[in-house]
$ cat query.pdb   # PDB, C-alpha atoms and all ligand atoms
ATOM      1  CA  MET F 140     -29.089  12.314   3.034  1.00  0.00           C
ATOM      2  CA  LYS F 141     -26.100  13.185   5.243  1.00  0.00           C
ATOM      3  CA  ASN F 142     -23.311  14.515   3.044  1.00  0.00           C
ATOM      4  CA  ILE F 143     -19.716  13.869   4.064  1.00  0.00           C
ATOM      5  CA  VAL F 144     -17.086  16.162   2.543  1.00  0.00           C
ATOM      6  CA  ILE F 145     -13.488  14.974   2.774  1.00  0.00           C
ATOM      7  CA  LEU F 146     -10.516  17.372   2.588  1.00  0.00           C
ATOM      8  CA  ILE F 147      -7.157  16.092   1.343  1.00  0.00           C
ATOM      9  CA  SER F 148      -3.754  17.488   0.434  1.00  0.00           C
ATOM     10  CA  GLY F 149      -1.963  14.451  -0.949  1.00  0.00           C
ATOM     11  CA  GLY F 150      -2.288  10.739  -1.612  1.00  0.00           C
ATOM     12  CA  GLY F 151      -5.691  10.478   0.015  1.00  0.00           C
ATOM     13  CA  SER F 152      -5.254   6.924   1.285  1.00  0.00           C
ATOM     14  CA  ASN F 153      -7.462   7.684   4.303  1.00  0.00           C
ATOM     15  CA  MET F 154     -10.071   9.249   2.000  1.00  0.00           C
ATOM     16  CA  ALA F 155      -9.970   6.134  -0.176  1.00  0.00           C
ATOM     17  CA  ALA F 156     -10.448   3.903   2.878  1.00  0.00           C
ATOM     18  CA  ILE F 157     -13.474   5.954   3.932  1.00  0.00           C
ATOM     19  CA  VAL F 158     -14.971   5.854   0.423  1.00  0.00           C
ATOM     20  CA  ARG F 159     -14.417   2.076   0.340  1.00  0.00           C
ATOM     21  CA  ALA F 160     -16.037   1.605   3.760  1.00  0.00           C
ATOM     22  CA  ALA F 161     -19.029   3.758   2.796  1.00  0.00           C
ATOM     23  CA  GLU F 162     -19.573   1.510  -0.200  1.00  0.00           C
ATOM     24  CA  GLN F 163     -18.830  -1.892   1.344  1.00  0.00           C
ATOM     25  CA  GLU F 164     -20.664  -1.165   4.636  1.00  0.00           C
ATOM     26  CA  ARG F 165     -23.642   0.396   2.838  1.00  0.00           C
ATOM     27  CA  TRP F 166     -23.605   3.725   4.713  1.00  0.00           C
ATOM     28  CA  ALA F 167     -26.287   5.155   2.385  1.00  0.00           C
ATOM     29  CA  ALA F 168     -28.793   2.453   3.343  1.00  0.00           C
ATOM     30  CA  ARG F 169     -27.735   2.148   6.984  1.00  0.00           C
ATOM     31  CA  PHE F 170     -26.971   5.744   7.939  1.00  0.00           C
ATOM     32  CA  ASN F 171     -28.509   7.739   5.085  1.00  0.00           C
ATOM     33  CA  ALA F 172     -25.003   9.077   4.519  1.00  0.00           C
ATOM     34  CA  ARG F 173     -22.609   9.320   1.584  1.00  0.00           C
ATOM     35  CA  VAL F 174     -19.259  10.834   0.635  1.00  0.00           C
ATOM     36  CA  ALA F 175     -20.543  13.785  -1.400  1.00  0.00           C
ATOM     37  CA  ALA F 176     -17.249  15.438  -2.355  1.00  0.00           C
ATOM     38  CA  VAL F 177     -13.484  15.376  -2.009  1.00  0.00           C
ATOM     39  CA  ILE F 178     -11.810  18.789  -1.920  1.00  0.00           C
ATOM     40  CA  SER F 179      -8.101  19.576  -1.961  1.00  0.00           C
ATOM     41  CA  ASN F 180      -5.913  22.632  -1.484  1.00  0.00           C
ATOM     42  CA  LYS F 181      -3.412  21.064  -3.900  1.00  0.00           C
ATOM     43  CA  PRO F 182      -4.337  20.785  -7.623  1.00  0.00           C
ATOM     44  CA  ASP F 183      -1.919  17.866  -7.975  1.00  0.00           C
ATOM     45  CA  ALA F 184      -3.182  15.861  -4.987  1.00  0.00           C
ATOM     46  CA  ALA F 185      -3.142  12.239  -6.167  1.00  0.00           C
ATOM     47  CA  GLY F 186      -6.235  11.519  -4.080  1.00  0.00           C
ATOM     48  CA  LEU F 187      -8.343  13.640  -6.460  1.00  0.00           C
ATOM     49  CA  ALA F 188      -7.924  11.023  -9.189  1.00  0.00           C
ATOM     50  CA  LEU F 189      -8.960   8.279  -6.742  1.00  0.00           C
ATOM     51  CA  ALA F 190     -12.121  10.238  -5.872  1.00  0.00           C
ATOM     52  CA  ARG F 191     -12.970  10.902  -9.502  1.00  0.00           C
ATOM     53  CA  ALA F 192     -12.478   7.208 -10.336  1.00  0.00           C
ATOM     54  CA  ALA F 193     -15.000   6.446  -7.584  1.00  0.00           C
ATOM     55  CA  GLY F 194     -17.480   8.847  -9.197  1.00  0.00           C
ATOM     56  CA  ILE F 195     -17.220  11.372  -6.364  1.00  0.00           C
ATOM     57  CA  ALA F 196     -17.382  15.121  -7.023  1.00  0.00           C
ATOM     58  CA  THR F 197     -14.070  16.883  -6.535  1.00  0.00           C
ATOM     59  CA  ALA F 198     -12.939  20.479  -6.212  1.00  0.00           C
ATOM     60  CA  VAL F 199      -9.642  22.273  -5.779  1.00  0.00           C
ATOM     61  CA  VAL F 200      -9.140  25.465  -3.765  1.00  0.00           C
ATOM     62  CA  PRO F 201      -5.438  26.272  -4.220  1.00  0.00           C
ATOM     63  CA  HIS F 202      -4.212  27.930  -1.032  1.00  0.00           C
ATOM     64  CA  LYS F 203      -1.507  29.675  -3.091  1.00  0.00           C
ATOM     65  CA  ASP F 204      -4.232  31.751  -4.803  1.00  0.00           C
ATOM     66  CA  PHE F 205      -5.139  33.565  -1.580  1.00  0.00           C
ATOM     67  CA  ALA F 206      -3.418  36.427   0.198  1.00  0.00           C
ATOM     68  CA  SER F 207      -4.430  35.312   3.690  1.00  0.00           C
ATOM     69  CA  ARG F 208      -5.471  32.224   5.630  1.00  0.00           C
ATOM     70  CA  GLU F 209      -8.827  33.865   6.226  1.00  0.00           C
ATOM     71  CA  ASP F 210      -9.418  34.387   2.485  1.00  0.00           C
ATOM     72  CA  PHE F 211      -8.433  30.788   1.733  1.00  0.00           C
ATOM     73  CA  ASP F 212     -10.622  29.397   4.502  1.00  0.00           C
ATOM     74  CA  ALA F 213     -13.589  31.467   3.287  1.00  0.00           C
ATOM     75  CA  ALA F 214     -13.187  30.098  -0.255  1.00  0.00           C
ATOM     76  CA  LEU F 215     -12.722  26.581   1.120  1.00  0.00           C
ATOM     77  CA  ALA F 216     -15.901  26.893   3.201  1.00  0.00           C
ATOM     78  CA  GLN F 217     -17.784  28.053   0.129  1.00  0.00           C
ATOM     79  CA  ALA F 218     -16.631  24.988  -1.816  1.00  0.00           C
ATOM     80  CA  ILE F 219     -17.534  22.720   1.108  1.00  0.00           C
ATOM     81  CA  ASP F 220     -20.955  24.279   1.693  1.00  0.00           C
ATOM     82  CA  ALA F 221     -21.874  23.718  -1.959  1.00  0.00           C
ATOM     83  CA  HIS F 222     -22.347  20.109  -0.821  1.00  0.00           C
ATOM     84  CA  ALA F 223     -24.429  20.889   2.284  1.00  0.00           C
ATOM     85  CA  PRO F 224     -22.187  18.859   4.596  1.00  0.00           C
ATOM     86  CA  SER F 225     -23.342  17.112   7.753  1.00  0.00           C
ATOM     87  CA  LEU F 226     -19.733  16.147   8.381  1.00  0.00           C
ATOM     88  CA  VAL F 227     -16.374  17.508   7.216  1.00  0.00           C
ATOM     89  CA  VAL F 228     -13.488  15.029   7.407  1.00  0.00           C
ATOM     90  CA  LEU F 229      -9.832  16.111   7.297  1.00  0.00           C
ATOM     91  CA  ALA F 230      -7.817  13.236   5.822  1.00  0.00           C
ATOM     92  CA  GLY F 231      -4.195  14.090   5.263  1.00  0.00           C
ATOM     93  CA  PHE F 232      -5.200  17.733   4.966  1.00  0.00           C
ATOM     94  CA  MET F 233      -2.047  19.683   5.658  1.00  0.00           C
ATOM     95  CA  ARG F 234      -3.362  23.181   6.370  1.00  0.00           C
ATOM     96  CA  ILE F 235      -3.830  24.832   9.743  1.00  0.00           C
ATOM     97  CA  LEU F 236      -7.406  26.143   9.745  1.00  0.00           C
ATOM     98  CA  THR F 237      -8.439  29.511  11.164  1.00  0.00           C
ATOM     99  CA  PRO F 238     -10.640  29.761  14.279  1.00  0.00           C
ATOM    100  CA  GLY F 239     -13.447  31.150  12.092  1.00  0.00           C
ATOM    101  CA  PHE F 240     -13.411  28.051   9.893  1.00  0.00           C
ATOM    102  CA  VAL F 241     -13.223  25.643  12.846  1.00  0.00           C
ATOM    103  CA  THR F 242     -16.098  27.451  14.581  1.00  0.00           C
ATOM    104  CA  ARG F 243     -18.199  27.284  11.404  1.00  0.00           C
ATOM    105  CA  TYR F 244     -18.003  23.464  11.450  1.00  0.00           C
ATOM    106  CA  ALA F 245     -17.799  22.961  15.204  1.00  0.00           C
ATOM    107  CA  GLY F 246     -19.052  19.527  16.228  1.00  0.00           C
ATOM    108  CA  ARG F 247     -18.967  18.181  12.668  1.00  0.00           C
ATOM    109  CA  LEU F 248     -15.261  18.518  11.825  1.00  0.00           C
ATOM    110  CA  LEU F 249     -12.996  15.472  12.326  1.00  0.00           C
ATOM    111  CA  ASN F 250      -9.291  14.837  11.828  1.00  0.00           C
ATOM    112  CA  ILE F 251      -6.899  11.935  12.055  1.00  0.00           C
ATOM    113  CA  HIS F 252      -3.526  12.572  13.648  1.00  0.00           C
ATOM    114  CA  PRO F 253      -0.652  10.061  13.478  1.00  0.00           C
ATOM    115  CA  SER F 254       0.127   9.907  17.204  1.00  0.00           C
ATOM    116  CA  LEU F 255      -1.548   8.978  20.487  1.00  0.00           C
ATOM    117  CA  LEU F 256      -2.698  12.499  21.409  1.00  0.00           C
ATOM    118  CA  PRO F 257      -2.061  14.380  23.571  1.00  0.00           C
ATOM    119  CA  ALA F 258       1.425  13.027  22.880  1.00  0.00           C
ATOM    120  CA  PHE F 259       3.199  14.501  19.864  1.00  0.00           C
ATOM    121  CA  PRO F 260       0.825  17.122  18.446  1.00  0.00           C
ATOM    122  CA  GLY F 261       2.160  18.812  15.298  1.00  0.00           C
ATOM    123  CA  LEU F 262       4.432  17.378  12.633  1.00  0.00           C
ATOM    124  CA  HIS F 263       7.025  14.570  12.350  1.00  0.00           C
ATOM    125  CA  THR F 264       5.212  12.545  14.998  1.00  0.00           C
ATOM    126  CA  HIS F 265       6.826   9.199  14.197  1.00  0.00           C
ATOM    127  CA  GLN F 266      10.382  10.549  14.190  1.00  0.00           C
ATOM    128  CA  ARG F 267       9.724  12.263  17.528  1.00  0.00           C
ATOM    129  CA  ALA F 268       8.274   9.092  19.051  1.00  0.00           C
ATOM    130  CA  ILE F 269      11.319   7.073  17.946  1.00  0.00           C
ATOM    131  CA  GLU F 270      13.714   9.727  19.265  1.00  0.00           C
ATOM    132  CA  ALA F 271      11.853   9.766  22.590  1.00  0.00           C
ATOM    133  CA  GLY F 272      12.329   5.997  22.890  1.00  0.00           C
ATOM    134  CA  CYS F 273       8.587   5.271  22.829  1.00  0.00           C
ATOM    135  CA  LYS F 274       7.627   1.594  22.788  1.00  0.00           C
ATOM    136  CA  VAL F 275       4.246   2.347  21.232  1.00  0.00           C
ATOM    137  CA  ALA F 276       2.934   4.876  18.726  1.00  0.00           C
ATOM    138  CA  GLY F 277      -0.433   5.100  17.018  1.00  0.00           C
ATOM    139  CA  LEU F 278      -3.180   7.339  15.768  1.00  0.00           C
ATOM    140  CA  THR F 279      -5.994   9.500  17.060  1.00  0.00           C
ATOM    141  CA  VAL F 280      -9.304  10.458  15.461  1.00  0.00           C
ATOM    142  CA  HIS F 281     -10.533  13.645  17.111  1.00  0.00           C
ATOM    143  CA  GLN F 282     -12.927  16.553  16.792  1.00  0.00           C
ATOM    144  CA  VAL F 283     -11.122  19.617  15.443  1.00  0.00           C
ATOM    145  CA  THR F 284     -11.109  22.605  17.779  1.00  0.00           C
ATOM    146  CA  VAL F 285      -9.299  25.912  17.581  1.00  0.00           C
ATOM    147  CA  GLU F 286      -6.343  24.451  19.485  1.00  0.00           C
ATOM    148  CA  LEU F 287      -4.289  22.370  17.016  1.00  0.00           C
ATOM    149  CA  ASP F 288      -4.472  18.573  17.475  1.00  0.00           C
ATOM    150  CA  HIS F 289      -6.346  18.954  20.741  1.00  0.00           C
ATOM    151  CA  GLY F 290     -10.095  18.309  20.404  1.00  0.00           C
ATOM    152  CA  PRO F 291     -12.269  15.561  21.953  1.00  0.00           C
ATOM    153  CA  ILE F 292     -10.946  12.114  21.052  1.00  0.00           C
ATOM    154  CA  LEU F 293     -13.257   9.719  19.166  1.00  0.00           C
ATOM    155  CA  ALA F 294     -10.903   6.783  18.606  1.00  0.00           C
ATOM    156  CA  GLN F 295      -7.298   5.702  18.998  1.00  0.00           C
ATOM    157  CA  ALA F 296      -5.181   2.705  18.034  1.00  0.00           C
ATOM    158  CA  VAL F 297      -1.849   1.636  19.507  1.00  0.00           C
ATOM    159  CA  VAL F 298       0.925   0.423  17.213  1.00  0.00           C
ATOM    160  CA  PRO F 299       4.193  -1.039  18.561  1.00  0.00           C
ATOM    161  CA  VAL F 300       7.458   0.735  17.800  1.00  0.00           C
ATOM    162  CA  LEU F 301       9.955  -1.922  16.670  1.00  0.00           C
ATOM    163  CA  PRO F 302      13.655  -1.660  17.572  1.00  0.00           C
ATOM    164  CA  ASP F 303      14.729  -1.143  13.971  1.00  0.00           C
ATOM    165  CA  ASP F 304      11.875   1.191  13.043  1.00  0.00           C
ATOM    166  CA  THR F 305      12.491   4.297  11.010  1.00  0.00           C
ATOM    167  CA  ALA F 306       9.928   7.092  10.773  1.00  0.00           C
ATOM    168  CA  ALA F 307       8.978   5.708   7.362  1.00  0.00           C
ATOM    169  CA  SER F 308       8.495   2.085   8.506  1.00  0.00           C
ATOM    170  CA  LEU F 309       6.512   3.175  11.555  1.00  0.00           C
ATOM    171  CA  ALA F 310       4.367   5.552   9.450  1.00  0.00           C
ATOM    172  CA  GLU F 311       3.611   2.749   7.032  1.00  0.00           C
ATOM    173  CA  ARG F 312       2.478   0.444   9.843  1.00  0.00           C
ATOM    174  CA  VAL F 313       0.381   3.164  11.519  1.00  0.00           C
ATOM    175  CA  LEU F 314      -1.282   4.055   8.206  1.00  0.00           C
ATOM    176  CA  VAL F 315      -2.718   0.530   7.935  1.00  0.00           C
ATOM    177  CA  HIS F 316      -4.479   1.102  11.264  1.00  0.00           C
ATOM    178  CA  GLU F 317      -5.604   4.600  10.207  1.00  0.00           C
ATOM    179  CA  HIS F 318      -7.424   3.034   7.279  1.00  0.00           C
ATOM    180  CA  ARG F 319      -9.250   0.707   9.683  1.00  0.00           C
ATOM    181  CA  VAL F 320     -10.004   3.116  12.520  1.00  0.00           C
ATOM    182  CA  TYR F 321     -11.022   6.287  10.669  1.00  0.00           C
ATOM    183  CA  PRO F 322     -13.960   4.689   8.794  1.00  0.00           C
ATOM    184  CA  GLN F 323     -15.038   2.982  12.029  1.00  0.00           C
ATOM    185  CA  ALA F 324     -14.964   6.284  13.922  1.00  0.00           C
ATOM    186  CA  ILE F 325     -16.956   8.042  11.200  1.00  0.00           C
ATOM    187  CA  ALA F 326     -19.556   5.256  11.147  1.00  0.00           C
ATOM    188  CA  ALA F 327     -19.859   5.549  14.939  1.00  0.00           C
ATOM    189  CA  TRP F 328     -20.281   9.330  14.601  1.00  0.00           C
ATOM    190  CA  LEU F 329     -23.030   8.792  12.012  1.00  0.00           C
ATOM    191  CA  VAL F 330     -24.838   6.406  14.371  1.00  0.00           C
ATOM    192  CA  GLU F 331     -24.523   8.783  17.326  1.00  0.00           C
ATOM    193  CA  THR F 332     -25.796  11.759  15.345  1.00  0.00           C
ATOM    194  CA  LYS F 333     -28.558   9.862  13.520  1.00  0.00           C
TER     195      LYS F 333
HETATM  196  C1  LIG D   1      -1.444  10.176   7.405  1.00  0.00           C
HETATM  197  O1  LIG D   1      -0.333   9.746   8.161  1.00  0.00           O
HETATM  198  C2  LIG D   1      -2.400  10.891   8.325  1.00  0.00           C
HETATM  199  O2  LIG D   1      -2.275  10.457   9.661  1.00  0.00           O
HETATM  200  C3  LIG D   1      -2.000  12.312   8.212  1.00  0.00           C
HETATM  201  O3  LIG D   1      -1.690  12.458   6.827  1.00  0.00           O
HETATM  202  C4  LIG D   1      -0.998  11.267   6.408  1.00  0.00           C
HETATM  203  C5  LIG D   1      -1.302  10.946   4.955  1.00  0.00           C
HETATM  204  O4  LIG D   1      -2.654  10.642   4.841  1.00  0.00           O
HETATM  205  N1  LIG D   1      -3.049  13.190   8.650  1.00  0.00           N
HETATM  206  P1  LIG D   1      -3.341  10.245   3.412  1.00  0.00           P
HETATM  207  O5  LIG D   1      -2.610   9.057   2.854  1.00  0.00           O
HETATM  208  O6  LIG D   1      -3.208  11.439   2.487  1.00  0.00           O
HETATM  209  O7  LIG D   1      -4.754   9.921   3.775  1.00  0.00           O
END

$ encode --input "query.pdb" --output "structure tokens" --more "lines below"
Ligand code: GRF
Amino acid sequence: MKNIVILISGGGSNMAAIVRAAEQERWAARFNARVAAVISNKPDAAGLALARAAGIATAVVPHKDFASREDFDAALAQAIDAHAPSLVVLAGFMRILTPGFVTRYAGRLLNIHPSLLPAFPGLHTHQRAIEAGCKVAGLTVHQVTVELDHGPILAQAVVPVLPDDTAASLAERVLVHEHRVYPQAIAAWLVETK
């Protein structure tokens, strides 16, 4: 069985979409894969309750408990490896990971970023796109490498920027497409690595 471990920091809507897809598209039967655990750096991440309600193992590794990024990442890796992951999925995970962590999971570490990379790496992507006068925005599913928001692209989706868009309205519209594209990209990864 291929174990997928999903890392979250907040609402976990992308995690929930992946869990739903795994169930509805029968990933266990088709790809011999399952979401084995959901892990968060935030004890109060609302997504943890969603995972528990779906019967998925959860764990919390509070980043505030660690003196350094390296110490946190080592504890996080330990929690992840308890589930023998074939794939680690960052889904609204708001921590910058150390090169040692990224190298440990090289080739099996994915992220979703709310812009059409390489445009707008980093934070506040929707506000920056609006301020730049972009006519389109979107999302990118990519392999995580040591350079932030820069790894090989697996999937993208384009979302129009409307004249009266705010960062919030654009984010809401992009999120709907994230929930469609991320599960599709993971399923494609599972097929390719079967
Ligand atoms: C999403 O916009 C995603 O692109 C970014 O985190 C935001 C929240 O994701 N990485 P979620 O609802 O916690 O999945």

$ residues_near_ligand --input "query.pdb" --ligand "ligand LIG 1 (chain D)" --cutoff "8 Å" --atoms "all atoms listed in the file" --output "PyMOL selection string"
chain F and resi 147-155+186+229-233+250-254+278+310+313-314+317

$ residues_around --input "query.pdb" --residues "Leu329 (chain F)" --least-positions-apart "5" --cutoff "9 Å" --atoms "all atoms listed in the file" --output "PyMOL selection string"
chain F and resi 141+166+170-172+226+324

$ closest_residue --input "query.pdb" --among "F:Val283, F:Ala326, F:Ala296, F:Ile143" --to "Ala245 (chain F)" --atoms "all atoms listed in the file"
F:Val283

$ resolve_selection --input "query.pdb" --expression "the PyMOL selection byres (((chain F and resi 242) around 12) and not hetatm)" --output "VMD selection string"
chain F and resid 212 216 236 to 241 243 to 248 282 to 286

$ residues_around --input "query.pdb" --residues "region 256-259 of chain F" --least-positions-apart "6" --cutoff "12 Å" --atoms "only C-alpha atoms" --output "PyMOL selection string"
chain F and resi 250+265-271+273+275-282+286-297

$ closest_residue --input "query.pdb" --among "F:Lys274, F:Val158, F:Asn142, F:Thr264" --to "Tyr321 (chain F)" --atoms "only C-alpha atoms"
F:Val158

$ decode --input "query.pdb" --residues "region 274-304 of chain F" --atoms "C-alpha atoms" --output "compact mmCIF listing (two decimals), in the first residue's frame"
# COMPACT_ATOMS: atom_id res chain seq x y z
CA LYS F 274 -6.02 39.40 -16.27
CA VAL F 275 -5.54 35.81 -15.12
CA ALA F 276 -4.39 34.15 -11.91
CA GLY F 277 -4.43 30.50 -10.90
CA LEU F 278 -2.65 27.71 -9.12
CA THR F 279 0.34 25.44 -9.52
CA VAL F 280 0.97 21.93 -8.21
CA HIS F 281 4.71 21.36 -8.12
CA GLN F 282 7.46 19.18 -6.71
CA VAL F 283 9.06 20.84 -3.69
CA THR F 284 12.76 21.62 -4.08
CA VAL F 285 15.13 23.57 -1.89
CA GLU F 286 14.30 26.77 -3.77
CA LEU F 287 10.93 28.04 -2.47
CA ASP F 288 7.97 27.69 -4.87
CA HIS F 289 10.25 26.65 -7.70
CA GLY F 290 10.23 22.89 -8.36
CA PRO F 291 9.06 20.94 -11.44
CA ILE F 292 5.45 21.76 -12.28
CA LEU F 293 2.90 18.90 -12.33
CA ALA F 294 -0.30 20.84 -13.02
CA GLN F 295 -1.68 24.35 -13.34
CA ALA F 296 -5.09 25.95 -13.76
CA VAL F 297 -5.88 29.45 -15.02
CA VAL F 298 -8.56 31.52 -13.29
CA PRO F 299 -9.73 34.89 -14.66
CA VAL F 300 -9.20 38.01 -12.58
CA LEU F 301 -12.47 39.98 -12.62
CA PRO F 302 -12.48 43.80 -12.65
CA ASP F 303 -14.02 44.04 -9.19
CA ASP F 304 -11.98 41.23 -7.65
